[in-house]
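Student: Encoded as structure tokens, here's the structure I'll be asking about.
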Amino acid sequence: MMTTTPGTSHLPQSGPAASGRPVDRNKDIAILQAARQILLFEGASVLTMEAVAAKAGVSKATLYSRFGNRNALIEAVLRAQSDFFVESLSPAVQNAAQTFAALESFSLRLLQYLFSEDHLCLMKTLQGHQGMPEELRLRMYELGPQATCEQVEAWLSQAHQAKVICCPDPALSSEFLFGMLVGMDMLRNMFQQSPKRKPTDLPGHVRTVVTLFLQMHQCELNACPPETKP
């Protein structure tokens with residue numbers, strides 16, 4: 001199975017160490033990766049500050065100086081994962097080629113994660129509870145799928161305002177995109193059935209989905225309907 005590792009765009013913005021030496025960002029990366037591995041493969045009940053410090057090879061003082069408590073650490077892990085997906089959507093697009101490239105990169109990252117061993121382990125953790133508090137489950141949804149979807153909505157709205165695409169209802173279009181990408185394979189995964197597409201099929205599937213999605217959102221001679229009002 002594929003695995004994906006989130007980037008570090010949401011690392012805490014800590015300043016210089018008390019001694020005046022620059023903060024070692026490699027320690028931040030090691031901490032987030034250690035916390036992520038424990039959360040995915042061992043469960044929330046095992047994720048303690050002591051366990052993360054030991055796995056990351058840092059002192060507890062170092063860990064607490066960067067992440068004040070367990071909840072802050074978990075939130076940093078979730079934000080880093082969401083930010084990793086949408087990194088390609090950050091720049092403002094100005095033409096069709098840039099729009100296609102941005103959506104293709106985002107979509108491929110998302111699918112590679114959703115069908116990875118990491119995500120399967122997370123789903124098993126959520127379904128099996130394993131000491132997962134309801135508050136943490138909700139926060140994982142808010143900072144994971146919901147945050148990713150909201151960032152896609154914002155990007156689609158910006159592209160609509162720039163008249164690169166015709167997307168008067170970015171919330172609806174965002175859900176269309178997610179549905180087109182995952183299709184029945186997400187349900188197959190939930191029921192522990194083999195996905196229809198192999199990892200090598202994903203790039204071609206993504207190109208097909210992005211092509212169809214953008215065809216649905218073409219701006220033709222200023223014929224774009226008015227924005228949907230709440």
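Chain labels follow the order of the structure tokens: the first chain is A, the next B, and so on; residue numbering restarts at 1 in every chain, and ligands are counted from 1 in their shown order.
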Please, which residues in segment 71-126 of chain A fall within 7 Å of segment 205-219 of chain A when counting only C-alpha atoms, and what is the closest atom pair and distance in Å to one decimal for each, ordered by chain then residue number, as a tab-separated table?

Tutor:
```
residue	atom	partner	partner_atom	distance
A:Phe100	CA	A:Val210	CA	6.8
A:Leu103	CA	A:Val210	CA	6.7
A:Glu104	CA	A:Val206	CA	6.3
A:Ser107	CA	A:Val206	CA	6.4
A:Leu108	CA	A:Val206	CA	6.3
```

Student: Keeping all heavy atoms, export the residues of the selection given above as a PDB file, in the first residue's frame.

Tutor:
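Below is the file that was written, result_17.pdb:
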```pdb
ATOM      1  N   PHE A 100      -5.619  23.387 -14.048  1.00  0.00           N
ATOM      2  CA  PHE A 100      -5.564  21.930 -14.188  1.00  0.00           C
ATOM      3  C   PHE A 100      -4.428  21.358 -13.349  1.00  0.00           C
ATOM      4  O   PHE A 100      -4.613  20.379 -12.619  1.00  0.00           O
ATOM      5  CB  PHE A 100      -5.364  21.550 -15.658  1.00  0.00           C
ATOM      6  CG  PHE A 100      -5.498  20.071 -15.914  1.00  0.00           C
ATOM      7  CD1 PHE A 100      -6.692  19.547 -16.382  1.00  0.00           C
ATOM      8  CD2 PHE A 100      -4.439  19.198 -15.683  1.00  0.00           C
ATOM      9  CE1 PHE A 100      -6.838  18.187 -16.615  1.00  0.00           C
ATOM     10  CE2 PHE A 100      -4.568  17.833 -15.904  1.00  0.00           C
ATOM     11  CZ  PHE A 100      -5.772  17.331 -16.377  1.00  0.00           C
ATOM     12  N   LEU A 103      -5.267  21.474  -9.517  1.00  0.00           N
ATOM     13  CA  LEU A 103      -6.263  20.475  -9.131  1.00  0.00           C
ATOM     14  C   LEU A 103      -5.714  19.056  -9.262  1.00  0.00           C
ATOM     15  O   LEU A 103      -6.021  18.185  -8.445  1.00  0.00           O
ATOM     16  CB  LEU A 103      -7.518  20.626  -9.993  1.00  0.00           C
ATOM     17  CG  LEU A 103      -8.490  21.736  -9.600  1.00  0.00           C
ATOM     18  CD1 LEU A 103      -9.639  21.806 -10.591  1.00  0.00           C
ATOM     19  CD2 LEU A 103      -9.019  21.520  -8.192  1.00  0.00           C
ATOM     20  N   GLU A 104      -4.899  18.828 -10.277  1.00  0.00           N
ATOM     21  CA  GLU A 104      -4.314  17.494 -10.465  1.00  0.00           C
ATOM     22  C   GLU A 104      -3.397  17.141  -9.299  1.00  0.00           C
ATOM     23  O   GLU A 104      -3.456  16.029  -8.759  1.00  0.00           O
ATOM     24  CB  GLU A 104      -3.543  17.445 -11.779  1.00  0.00           C
ATOM     25  CG  GLU A 104      -2.934  16.086 -12.076  1.00  0.00           C
ATOM     26  CD  GLU A 104      -2.124  16.087 -13.361  1.00  0.00           C
ATOM     27  OE1 GLU A 104      -1.524  17.138 -13.692  1.00  0.00           O
ATOM     28  OE2 GLU A 104      -2.067  15.043 -14.023  1.00  0.00           O
ATOM     29  N   SER A 107      -5.510  16.574  -6.101  1.00  0.00           N
ATOM     30  CA  SER A 107      -6.313  15.358  -6.179  1.00  0.00           C
ATOM     31  C   SER A 107      -5.459  14.106  -6.026  1.00  0.00           C
ATOM     32  O   SER A 107      -5.862  13.143  -5.364  1.00  0.00           O
ATOM     33  CB  SER A 107      -7.068  15.313  -7.512  1.00  0.00           C
ATOM     34  OG  SER A 107      -7.941  16.424  -7.641  1.00  0.00           O
ATOM     35  N   LEU A 108      -4.283  14.112  -6.620  1.00  0.00           N
ATOM     36  CA  LEU A 108      -3.413  12.945  -6.536  1.00  0.00           C
ATOM     37  C   LEU A 108      -2.914  12.752  -5.102  1.00  0.00           C
ATOM     38  O   LEU A 108      -2.891  11.623  -4.586  1.00  0.00           O
ATOM     39  CB  LEU A 108      -2.237  13.097  -7.497  1.00  0.00           C
ATOM     40  CG  LEU A 108      -1.358  11.846  -7.672  1.00  0.00           C
ATOM     41  CD1 LEU A 108      -2.188  10.653  -8.114  1.00  0.00           C
ATOM     42  CD2 LEU A 108      -0.243  12.125  -8.677  1.00  0.00           C
TER      43      LEU A 108
END
```

Student: For segment 144-161 of chain A, list every protein, DNA or RNA residue within 6 Å, evaluated using only C-alpha atoms, and leave out those in the same chain fewer than 3 positions away; present the list as a PyMOL selection string.

Tutor: chain A and resi 78+82+140-141+164-167+170-171+174

Student: Can I get the selected residues back with C-alpha atoms, as a PDB file, in the first residue's frame?

Tutor:
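What ended up in selection-v8.pdb:
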```
ATOM      1  CA  LEU A  78      -4.042  17.148  11.835  1.00  0.00           C
ATOM      2  CA  SER A  82      -4.672  18.993   5.768  1.00  0.00           C
ATOM      3  CA  MET A 140     -10.164  15.195  13.945  1.00  0.00           C
ATOM      4  CA  TYR A 141     -13.059  15.649  11.536  1.00  0.00           C
ATOM      5  CA  VAL A 164     -10.789  31.280 -14.566  1.00  0.00           C
ATOM      6  CA  ILE A 165     -13.642  28.854 -13.909  1.00  0.00           C
ATOM      7  CA  CYS A 166     -17.394  29.223 -13.540  1.00  0.00           C
ATOM      8  CA  CYS A 167     -18.131  28.091  -9.974  1.00  0.00           C
ATOM      9  CA  PRO A 170     -18.019  26.372  -4.495  1.00  0.00           C
ATOM     10  CA  ALA A 171     -19.366  24.338  -1.575  1.00  0.00           C
ATOM     11  CA  SER A 174     -16.118  20.915  -3.789  1.00  0.00           C
TER      12      SER A 174
END
```

Student: Which of these residues is nearest to Leu40 of chain A, using only C-alpha atoms: A:Ala56, A:Leu63, A:Val77, A:Ala97?

Tutor: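 Counting only C-alpha atoms, the residue closest to Leu40 of chain A is A:Val77.
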
Student: Using only C-alpha atoms, which of the listed residues (A:Asp185, A:Asp169, A:Asp201, A:Glu42) sits closest to Leu114 of chain A?

Tutor: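 Among A:Asp185, A:Asp169, A:Asp201, A:Glu42, it is A:Asp185 that comes nearest to Leu114 of chain A.
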
Student: Between atom CA of Gln192 of chain A and atom CA of Lys124 of chain A, what is the distance, to one decimal in Å?

Tutor: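 A separation of 10.0 Å between them.
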
Student: I'd like the interatomic distance between atom CA of Val182 of chain A and atom CA of Leu126 of chain A, to a tenth of an Å.

Tutor: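 About the pair atom CA of Val182 of chain A and atom CA of Leu126 of chain A: they are 19.2 Å apart.
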
Student: Going by DSSP on the backbone, which residues of segment 55-218 of chain A come out as helix (DSSP H, G or I)? List them as a ChimeraX atom specification.

Tutor: /A:55-56,60-66,70-89,96-114,117-127,134-161,170-182,185-190,199-216

Student: Please produce an output containing C-alpha atoms for each residue in the selection, written as a short mmCIF file (atom, residue, chain, number, x, y, z; two decimals), in the first residue's frame.

Tutor:
```cif
data_model
loop_
_atom_site.label_atom_id
_atom_site.label_comp_id
_atom_site.auth_asym_id
_atom_site.auth_seq_id
_atom_site.Cartn_x
_atom_site.Cartn_y
_atom_site.Cartn_z
CA LYS A 55 9.60 7.94 19.81
CA ALA A 56 10.84 11.28 18.43
CA LYS A 60 9.93 16.13 27.29
CA ALA A 61 11.10 19.70 27.93
CA THR A 62 11.73 20.14 24.20
CA LEU A 63 8.35 18.68 23.35
CA TYR A 64 6.45 20.89 25.81
CA SER A 65 8.35 23.97 24.62
CA ARG A 66 7.00 23.44 21.10
CA ARG A 70 -1.36 16.78 24.11
CA ASN A 71 -4.34 18.47 22.42
CA ALA A 72 -2.12 21.12 20.82
CA LEU A 73 0.15 18.38 19.51
CA ILE A 74 -2.73 16.40 18.00
CA GLU A 75 -4.13 19.53 16.37
CA ALA A 76 -0.72 20.30 14.85
CA VAL A 77 -0.57 16.79 13.37
CA LEU A 78 -4.04 17.15 11.84
CA ARG A 79 -3.38 20.63 10.47
CA ALA A 80 -0.11 19.50 8.89
CA GLN A 81 -1.94 16.69 7.08
CA SER A 82 -4.67 18.99 5.77
CA ASP A 83 -2.15 21.64 4.69
CA PHE A 84 -0.15 18.98 2.86
CA PHE A 85 -3.13 18.24 0.61
CA VAL A 86 -3.88 21.84 -0.34
CA GLU A 87 -0.33 23.16 -0.78
CA SER A 88 -0.76 23.04 -4.56
CA LEU A 89 -3.91 25.16 -4.30
CA ALA A 96 -6.59 26.94 -17.61
CA ALA A 97 -3.22 25.16 -17.54
CA GLN A 98 -2.41 26.40 -14.04
CA THR A 99 -5.89 25.47 -12.84
CA PHE A 100 -5.56 21.93 -14.19
CA ALA A 101 -2.09 21.48 -12.70
CA ALA A 102 -3.19 22.70 -9.26
CA LEU A 103 -6.26 20.47 -9.13
CA GLU A 104 -4.31 17.49 -10.46
CA SER A 105 -1.62 17.83 -7.80
CA PHE A 106 -4.16 18.25 -5.00
CA SER A 107 -6.31 15.36 -6.18
CA LEU A 108 -3.41 12.95 -6.54
CA ARG A 109 -2.09 13.75 -3.05
CA LEU A 110 -5.55 13.28 -1.58
CA LEU A 111 -6.22 9.93 -3.25
CA GLN A 112 -2.77 8.57 -2.48
CA TYR A 113 -3.46 9.24 1.18
CA LEU A 114 -7.07 8.01 1.24
CA GLU A 117 -2.12 2.06 4.85
CA ASP A 118 -1.99 5.15 7.09
CA HIS A 119 -5.59 6.09 6.31
CA LEU A 120 -6.83 2.53 6.60
CA CYS A 121 -5.32 2.35 10.09
CA LEU A 122 -6.98 5.64 11.00
CA MET A 123 -10.35 4.34 9.83
CA LYS A 124 -9.92 1.21 11.93
CA THR A 125 -9.03 3.37 14.92
CA LEU A 126 -12.13 5.53 14.44
CA GLN A 127 -14.43 2.57 13.86
CA GLU A 134 -15.90 11.91 21.15
CA GLU A 135 -14.43 15.40 21.45
CA LEU A 136 -11.21 14.22 19.82
CA ARG A 137 -13.14 12.41 17.09
CA LEU A 138 -15.01 15.63 16.28
CA ARG A 139 -11.80 17.67 16.31
CA MET A 140 -10.16 15.19 13.94
CA TYR A 141 -13.06 15.65 11.54
CA GLU A 142 -13.00 19.45 11.82
CA LEU A 143 -9.24 19.74 11.28
CA GLY A 144 -9.12 16.93 8.71
CA PRO A 145 -11.86 16.40 6.09
CA GLN A 146 -13.81 19.55 6.94
CA ALA A 147 -10.75 21.82 6.87
CA THR A 148 -9.56 20.32 3.58
CA CYS A 149 -12.97 20.74 1.99
CA GLU A 150 -13.25 24.34 3.19
CA GLN A 151 -9.85 25.20 1.74
CA VAL A 152 -10.87 23.70 -1.61
CA GLU A 153 -14.08 25.75 -1.48
CA ALA A 154 -12.07 28.92 -0.85
CA TRP A 155 -9.75 28.15 -3.75
CA LEU A 156 -12.67 27.46 -6.10
CA SER A 157 -14.29 30.72 -5.02
CA GLN A 158 -11.08 32.64 -5.81
CA ALA A 159 -10.81 30.96 -9.21
CA HIS A 160 -14.45 31.90 -9.87
CA GLN A 161 -13.84 35.53 -8.89
CA PRO A 170 -18.02 26.37 -4.49
CA ALA A 171 -19.37 24.34 -1.58
CA LEU A 172 -21.41 22.14 -3.90
CA SER A 173 -18.60 21.93 -6.46
CA SER A 174 -16.12 20.92 -3.79
CA GLU A 175 -18.33 17.99 -2.79
CA PHE A 176 -18.70 17.05 -6.48
CA LEU A 177 -14.92 16.92 -6.80
CA PHE A 178 -14.46 14.72 -3.74
CA GLY A 179 -17.23 12.37 -4.88
CA MET A 180 -15.82 12.07 -8.40
CA LEU A 181 -12.37 11.30 -7.04
CA VAL A 182 -13.20 8.62 -4.49
CA ASP A 185 -13.62 2.84 -3.72
CA MET A 186 -14.00 4.62 -0.39
CA LEU A 187 -16.96 2.41 0.46
CA ARG A 188 -15.02 -0.63 -0.66
CA ASN A 189 -12.25 0.35 1.74
CA MET A 190 -14.70 0.86 4.59
CA PRO A 199 -2.02 2.71 -7.12
CA THR A 200 -0.67 2.85 -10.67
CA ASP A 201 -4.17 3.73 -11.93
CA LEU A 202 -4.53 6.84 -9.78
CA PRO A 203 -2.70 9.38 -12.00
CA GLY A 204 -4.87 8.47 -15.00
CA HIS A 205 -8.04 8.50 -12.89
CA VAL A 206 -7.14 11.91 -11.48
CA ARG A 207 -6.52 13.38 -14.95
CA THR A 208 -9.90 12.07 -16.12
CA VAL A 209 -11.73 13.47 -13.10
CA VAL A 210 -10.04 16.88 -13.27
CA THR A 211 -10.75 17.10 -17.01
CA LEU A 212 -14.45 16.35 -16.48
CA PHE A 213 -14.67 18.63 -13.43
CA LEU A 214 -13.23 21.60 -15.32
CA GLN A 215 -15.48 20.92 -18.29
CA MET A 216 -18.40 21.26 -15.87
#
```

Student: Figure out the distance between atom CA of Met184 of chain A and atom CA of Pro168 of chain A, please, to one decimal in Å.

Tutor: 26.9 Å
